[in-house]
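What follows is a set of notes on a single structure, which appears directly below.
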Number of protein chains: 2
Amino acid sequence: MSALKFTISHIDTSTQARAGRITTPHGVFDTPAFMPVGTRASVKGLVPDLLAGTGAQIMLSNTYHLVLRPGADVVAAAGGLHKFMNWHKPILTDSGGFQVFSLASLRRIDEDGVTFSSHVDGQLIRFDPVSVIESENKLGADIIMVFDECSPWPVGFSEAKVAVERTIRWAGECRQAHQRPDDQALFAIVQGSMYPELRQYCLDRLVEMDFPGYAMGGLSVGEPPEKRKPIVDEFVPKLPQDKPRYLMGVGRPVDLVESVAAGIDMFDCVLPTRNGRNAYAFTTNGPMRLRNEKYKLDFTPIDEKCQCYCCRNFTRAYIRHLFLVNEMLGPILLSIHNIAFFQDFMREIRLAICENRLNSLIEQVKSVWEGQEIVADQNNKGNNNKTTQD
Amino acid sequence: MSALKFTISHIDTSTQARAGRITTPHGVFDTPAFMPVGTRASVKGLVPDLLAGTGAQIMLSNTYHLVLRPGADVVAAAGGLHKFMNWHKPILTDSGGFQVFSLASLRRIDEDGVTFSSHVDGQLIRFDPVSVIESENKLGADIIMVFDECSPWPVGFSEAKVAVERTIRWAGECRQAHQRPDDQALFAIVQGSMYPELRQYCLDRLVEMDFPGYAMGGLSVGEPPEKRKPIVDEFVPKLPQDKPRYLMGVGRPVDLVESVAAGIDMFDCVLPTRNGRNAYAFTTNGPMRLRNEKYKLDFTPIDEKCQCYCCRNFTRAYIRHLFLVNEMLGPILLSIHNIAFFQDFMREIRLAICENRLNSLIEQVKSVWEGQEIVADQNNKGNNNKTTQD
């Protein structure tokens with residue numbers, strides 16, 4: 001019995017985009033899907049009812065952060081992450097591979113794992129494929145990720161090759177260590193930086209191992225989008241057709257829709273929440289910065305087309321006021337709206353796929369978003385979904 | 001036609017406590033009532049649905065803060081405070097009397113009003129009875145307060161006497177300036193510090209003017225409780241029996257129930273929200289500090305007897321985790337719980353009045369709360385409901 005069932009209902013006739021549905025032990029989510037980020041078992045500022053009200057069907061949390069605090073054993077004692085945080089829909093946990101290399105003060109990386117100092121209290125911690133999977137088994141997410149070595153950008157070829165070799169070997173060890181394959185689907189992560197031959201090599205080895213799903217990792221880590229797109233366009237179609245494909249850390253509207261066209265089914269990013277906390281709203285007409293004086297007397301909702309809790313109940317003028325006086329309700333309301341925007345956006349993408357018009361949607365999204373500045377831009381901040389600042 | 005209807009359903013046989021109900025243009029609230037504080041048109045961190053879910057039937061906002069930002073005209077253009085913040089139950093606005101004397105950098109006080117520098121940007125502002133009532137008329141709360149001079153504690157007799165004279169004269173001017181008596185009930189504020197003869201004089205003059213409700217002001221401004229209680233016990237019963245009586249800024253459980261015994265009908269205080277943001281929970285068994293290590297693996301709700309959104313859905317262990325990792329959901333959940341605790345507490349008080357057993361409830365409340373430290377204690381912070389730190 002498998003932890004995950006993936007059914008593709010339609011493939012766009014002009015692109016590689018697929019519309020489908022993934023069934024997990026905690027319910028179903030439609031694909032392509034956008035996962036809001038709740039690094040520390042909380043999507044910042046949102047009680048679960050309000051999160052569900054945005055249309056989010058699955059959320060992401062981070063093994064690295066949860067192992068440090070409160071500890072995987074605490075979450076296990078609570079009955080797992082779903083019960084601990086009172087979110088009873090699907091959850092995906094990232095493995096912590098990236099965080100170990102980016103947040104922690106790294107002490108030693110060897111063939112078997114990584115020794116590092118916690119960014120919280122300096123405590124010396126060891127992560128290896130067995131210990132990470134053991135933690136993810138305790139957390140109990142529906143989808144869990146292998147422990148990988150995520151190279152920074154830029155990285156030299158030989159260093160990237162060593163990371164790919166480790167990533168492949170660790171993927172096998174993770175697979176073997178996994179104790180709950182019937183209720184947690186383990187996804188592999190394809191590394192290889194911007195080197196096509198390393199990507200191909202890593203992809204081939206991981207596909208041979210036959211995982212229930214595959215992620216593209218090591219992208220959205222600081223490289224310019226024009227470096228990322230060719231990698232996505234070339235290698236995503238080479239992933240197994242019948243398995244979910246997840247592009248980690250990508251979240252700008254144009255990147256989302258273009259990556260869907262290459263065949264990606266799942267995304268995560270901190271953009272909706274991080275930007276929401278900074279008074280930046282995503283709207284169907286492009287970005288809106290709510291501190292702007294021009295909204296002082298604007299008693300219309302953020303987005304007339306949006307049916308989220310924020311847009312149904314509050315005006316631009318009120319939200320502007322909340323930000324100007326530093327009331328936390330401002331960040332809360334814009335986080336709700338932005339997550340709802342991303343969910344609406346994914347629904348629009350799914351519909352366009354089903355109607356074989358994704359290419360025209362791409363043009364439309366580009367006409368709204370290309371050239372727009374996006375605060376907390378993932379290309380300036382590294383892999384946004386993995387920083388401490390979710 | 002009056003803006004307010006007050007009906008007393010029962011008076012406790014052994015105390016002066018009254019159980020009743022106040023009808024306003026935006027609905028009804030039961031008395032004795034506790035009003036959560038939303039200084040800047042937001043009860044910190046709570047969307048209105050969650051606030052209503054605590055059982056709160058009326059909330060308080062501050063004219064001083066709203067006049068500074070976003071400005072009374074902005075709120076008026078929104079259609080008033082209820083529409084601006086999407087809270088459609090009763091609202092009371094404080095006049096700003098206290099804030100002008102405590103927060104602002106005071107430039108000049110004269111017989112007609114006060115000139116001060118805004119604590120936000122230093123801008124020179126003039127408040128007088130006419131301008132304050134004009135602002136409160138624009139804000140559109142169901143109950144509005146006169147502009148008074150709130151003496152600090154301690155204050156000399158002659159200084160307190162001058163403040164009382166001004167408070168009385170300004171009350172008359174407020175009354176005359178009030179343009180919306182049919183949908184906003186104007187309450188007078190009795191000043192006089194700890195001087196019984198000044199309290200009596202102020203009370204007599206204000207009662208002669210026949211306001212729809214009366215507040216005791218200038219208490220909970222830093223004086224020890226043993227100084228406050230005799231003033232409340234002596235003068236509250238002298239206020240008109242058939243009018244609502246409001247004790248400003250008082251909120252510790254023992255003070256609430258004892259003041260109800262003296263005949264108070266309405267309270268406001270920042271304690272539930274401010275303490276909630278500091279990991280302090282009010283429970284039927286006394287205080288609970290959620291950062292404590294002993295809750296690490298405690299998967300029970302904050303209070304087994306509580307039916308609030310927080311206690312129905314989250315555990316002590318999870319809330320502790322949220323505070324330890326600085327997730328804003330921690331303050332949000334504890335604010336919800338604490339406000340719900342205060343609403344439950346008022347319901348318990350109302351029931352005890354109706355069953356003529358308030359004195360035994362007082363003893364019970366004392367046995368739980370007397371001697372307990374209350375963080376952000378109002379006696380250490382001045383009149384809590386009026387500071388910038390609500």
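By convention here, the chains of the structure tokens are called A, B, ... in the order presented, each chain's residues are numbered starting at 1, and ligands are numbered starting at 1 in the order presented.
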
Go through chain A and flag each residue having an atom no more than 8 Å from chain B; for those, report the closest pair of atoms plus their distance in Å to one decimal, using only C-alpha atoms, ordered by chain and rising number, as a Markdown table.
```
| residue | atom | partner | partner_atom | distance |
| --- | --- | --- | --- | --- |
| A:Arg40 | CA | B:Val325 | CA | 7.5 |
| A:Ser42 | CA | B:Leu329 | CA | 7.2 |
| A:Lys44 | CA | B:Met328 | CA | 6.4 |
| A:Gly45 | CA | B:Leu329 | CA | 5.0 |
| A:Leu46 | CA | B:Leu329 | CA | 6.7 |
| A:Val47 | CA | B:Leu329 | CA | 7.0 |
| A:Arg69 | CA | B:His321 | CA | 7.2 |
| A:Pro70 | CA | B:His321 | CA | 6.0 |
| A:Val74 | CA | B:Leu297 | CA | 6.3 |
| A:Ala77 | CA | B:Leu297 | CA | 7.2 |
| A:Ala78 | CA | B:Phe299 | CA | 6.4 |
| A:Phe84 | CA | B:Tyr318 | CA | 6.2 |
| A:Met85 | CA | B:Tyr318 | CA | 6.8 |
| A:Asn86 | CA | B:Asn313 | CA | 6.5 |
| A:Lys296 | CA | B:Val74 | CA | 7.4 |
| A:Leu297 | CA | B:Val74 | CA | 6.3 |
| A:Phe299 | CA | B:Ala78 | CA | 6.4 |
| A:Asn313 | CA | B:Asn86 | CA | 6.5 |
| A:Phe314 | CA | B:Asn86 | CA | 6.8 |
| A:Thr315 | CA | B:Phe84 | CA | 7.7 |
| A:Tyr318 | CA | B:Phe84 | CA | 6.2 |
| A:His321 | CA | B:Pro70 | CA | 6.0 |
| A:Leu322 | CA | B:Arg40 | CA | 8.0 |
| A:Val325 | CA | B:Arg69 | CA | 7.4 |
| A:Glu327 | CA | B:Lys44 | CA | 6.5 |
| A:Met328 | CA | B:Gly45 | CA | 5.4 |
| A:Leu329 | CA | B:Gly45 | CA | 5.0 |
| A:Ile332 | CA | B:Gly45 | CA | 7.5 |
```

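Contact shell of Leu92 in chain B at 6 Å (only C-alpha atoms; same-chain neighbours under 6 positions omitted): Leu60, Ala141, Asp142, Ile143 and Ile144 of chain B.
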
Hey, can you spit out that residue selection with C-alpha atoms as a PDB file, in the first residue's frame?
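Written file, out15.pdb:
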```pdb
ATOM      1  CA  LEU B  60     -13.145  49.913  23.486  1.00  0.00           C
ATOM      2  CA  ALA B 141     -18.994  54.737  18.774  1.00  0.00           C
ATOM      3  CA  ASP B 142     -22.168  53.766  20.628  1.00  0.00           C
ATOM      4  CA  ILE B 143     -20.843  55.138  23.905  1.00  0.00           C
ATOM      5  CA  ILE B 144     -18.501  58.116  24.009  1.00  0.00           C
TER       6      ILE B 144
END
```

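Put simply, CA of Ile336 in chain A is 27.5 Å away from CA of Met216 in chain A.
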
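Between CA of Val130 in chain A and CA of Val37 in chain A the interatomic distance comes to 24.7 Å.
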
Exercise. Could you pull out the alpha helix (DSSP H) residues of range 145-284 of chain A from DSSP and send them as an MDAnalysis selection string?
Worked result: chainID A and resid 157:177 196:208 225:235 253:262 271:277

Problem set entry | Shell around Ile264 in chain A at 8 Å using only C-alpha atoms, local window under 6 positions removed, as a list in words | Ala17, Arg18, Pro32, Val236, Pro244, Arg245, Tyr246 and Leu247 of chain A

Write the residues of the preceding selection, restricted to C-alpha atoms, as an mmCIF file, in the first residue's frame.
```cif
data_model
loop_
_atom_site.group_PDB
_atom_site.id
_atom_site.type_symbol
_atom_site.label_atom_id
_atom_site.label_comp_id
_atom_site.auth_asym_id
_atom_site.auth_seq_id
_atom_site.Cartn_x
_atom_site.Cartn_y
_atom_site.Cartn_z
ATOM 1 C CA ALA A 17 1.669 21.006 -17.882
ATOM 2 C CA ARG A 18 -0.438 18.477 -16.008
ATOM 3 C CA PRO A 32 -0.326 22.047 -9.614
ATOM 4 C CA VAL A 236 11.629 18.304 -15.404
ATOM 5 C CA PRO A 244 4.574 14.149 -8.654
ATOM 6 C CA ARG A 245 7.274 16.707 -9.399
ATOM 7 C CA TYR A 246 8.113 19.423 -6.911
ATOM 8 C CA LEU A 247 10.161 22.569 -7.554
#
```

For this session: Find the residues near range 157-162 of chain B: any atom within 8 Å, counting only C-alpha atoms, skip ones fewer than 5 places away on the same chain, and give them as a PyMOL selection string.
Result: chain B and resi 151+192-193+195+198

For this session: Tell me, as a count of residues only, which residues lie within 8 Å of Phe98 in chain B, counting only C-alpha atoms; anything in the same chain fewer than 4 positions away does not count.
Result: 5

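For the residues B:Ser131, B:Val260, B:Phe211, B:Phe235, ranking by smallest atom-to-atom distance to Arg350 in chain B using only C-alpha atoms places B:Val260 first.
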
Which of range 84-215 of chain A end up as strand (DSSP E) when DSSP is run on this backbone - answer as a CSV table (one decimal) with N, CA and C atoms, in the first residue's frame?
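After the write, selection.csv holds the following:
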```csv
chain,number,residue,atom,x,y,z
A,91,ILE,N,0.5,17.6,4.9
A,91,ILE,CA,1.8,18.3,5.3
A,91,ILE,C,2.9,17.7,4.6
A,92,LEU,N,3.9,18.5,4.1
A,92,LEU,CA,5.2,18.1,3.6
A,92,LEU,C,6.2,18.6,4.5
A,93,THR,N,7.2,17.8,4.9
A,93,THR,CA,8.4,18.3,5.7
A,93,THR,C,9.6,18.3,4.8
A,94,ASP,N,10.3,19.4,4.7
A,94,ASP,CA,11.6,19.5,4.1
A,94,ASP,C,12.6,18.8,5.0
A,105,SER,N,26.0,26.9,11.7
A,105,SER,CA,27.5,27.1,11.6
A,105,SER,C,28.1,25.7,11.4
A,106,LEU,N,28.5,25.4,10.1
A,106,LEU,CA,28.9,24.1,9.7
A,106,LEU,C,30.3,23.7,10.4
A,107,ARG,N,30.3,22.5,11.0
A,107,ARG,CA,31.5,22.1,11.6
A,107,ARG,C,32.3,21.1,10.7
A,108,ARG,N,31.5,20.2,10.1
A,108,ARG,CA,32.2,19.1,9.3
A,108,ARG,C,31.2,18.5,8.4
A,109,ILE,N,31.5,18.3,7.2
A,109,ILE,CA,30.7,17.5,6.3
A,109,ILE,C,31.6,16.3,5.9
A,114,VAL,N,26.5,15.3,8.3
A,114,VAL,CA,26.9,16.7,8.6
A,114,VAL,C,26.9,17.0,10.1
A,115,THR,N,28.0,17.6,10.6
A,115,THR,CA,28.0,18.0,12.0
A,115,THR,C,28.0,19.5,12.0
A,116,PHE,N,27.1,20.1,12.8
A,116,PHE,CA,26.9,21.6,12.8
A,116,PHE,C,26.5,22.1,14.1
A,117,SER,N,26.7,23.4,14.3
A,117,SER,CA,26.2,24.1,15.5
A,117,SER,C,24.8,24.7,15.2
A,124,LEU,N,26.0,21.4,19.4
A,124,LEU,CA,26.6,20.6,18.3
A,124,LEU,C,25.6,19.5,17.9
A,125,ILE,N,25.2,19.4,16.6
A,125,ILE,CA,24.2,18.5,16.2
A,125,ILE,C,24.7,17.7,15.0
A,126,ARG,N,24.3,16.4,14.9
A,126,ARG,CA,24.7,15.6,13.8
A,126,ARG,C,23.5,15.3,13.0
A,127,PHE,N,23.5,15.5,11.7
A,127,PHE,CA,22.4,15.1,10.8
A,127,PHE,C,23.0,14.1,9.8
A,143,ILE,N,4.2,13.8,3.2
A,143,ILE,CA,5.2,13.7,2.2
A,143,ILE,C,6.5,14.2,2.9
A,144,ILE,N,7.6,13.4,2.8
A,144,ILE,CA,8.8,13.8,3.5
A,144,ILE,C,9.9,13.8,2.4
A,145,MET,N,11.0,14.5,2.7
A,145,MET,CA,12.0,14.7,1.7
A,145,MET,C,13.3,14.0,2.2
A,185,ALA,N,5.1,9.4,2.1
A,185,ALA,CA,5.7,9.2,0.8
A,185,ALA,C,7.1,10.0,0.8
A,186,LEU,N,8.1,9.3,0.5
A,186,LEU,CA,9.5,9.9,0.5
A,186,LEU,C,9.9,10.3,-0.9
A,187,PHE,N,10.1,11.6,-1.0
A,187,PHE,CA,10.5,12.2,-2.3
A,187,PHE,C,12.0,12.4,-2.4
A,188,ALA,N,12.6,12.1,-3.5
A,188,ALA,CA,14.0,12.3,-3.8
A,188,ALA,C,14.2,13.7,-4.3
A,189,ILE,N,15.4,14.2,-4.2
A,189,ILE,CA,15.7,15.6,-4.6
A,189,ILE,C,16.9,15.5,-5.6
A,190,VAL,N,16.6,16.1,-6.8
A,190,VAL,CA,17.7,16.1,-7.9
A,190,VAL,C,18.5,17.3,-7.7
A,213,GLY,N,8.0,10.2,-5.6
A,213,GLY,CA,7.9,11.6,-6.1
A,213,GLY,C,9.3,12.2,-6.2
A,214,TYR,N,9.5,13.2,-7.0
A,214,TYR,CA,10.8,13.8,-7.2
A,214,TYR,C,10.7,15.4,-7.1
A,215,ALA,N,11.8,15.9,-6.5
A,215,ALA,CA,11.9,17.4,-6.4
A,215,ALA,C,13.1,17.8,-7.2
```

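The residue that comes closest to Arg252 in chain A, out of A:Ser95, A:Gln372, A:Ser335, A:Thr31 and on the basis of only C-alpha atoms, is A:Gln372.
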
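Note that CA of His82 in chain A and CA of Leu256 in chain A are 27.1 Å apart.
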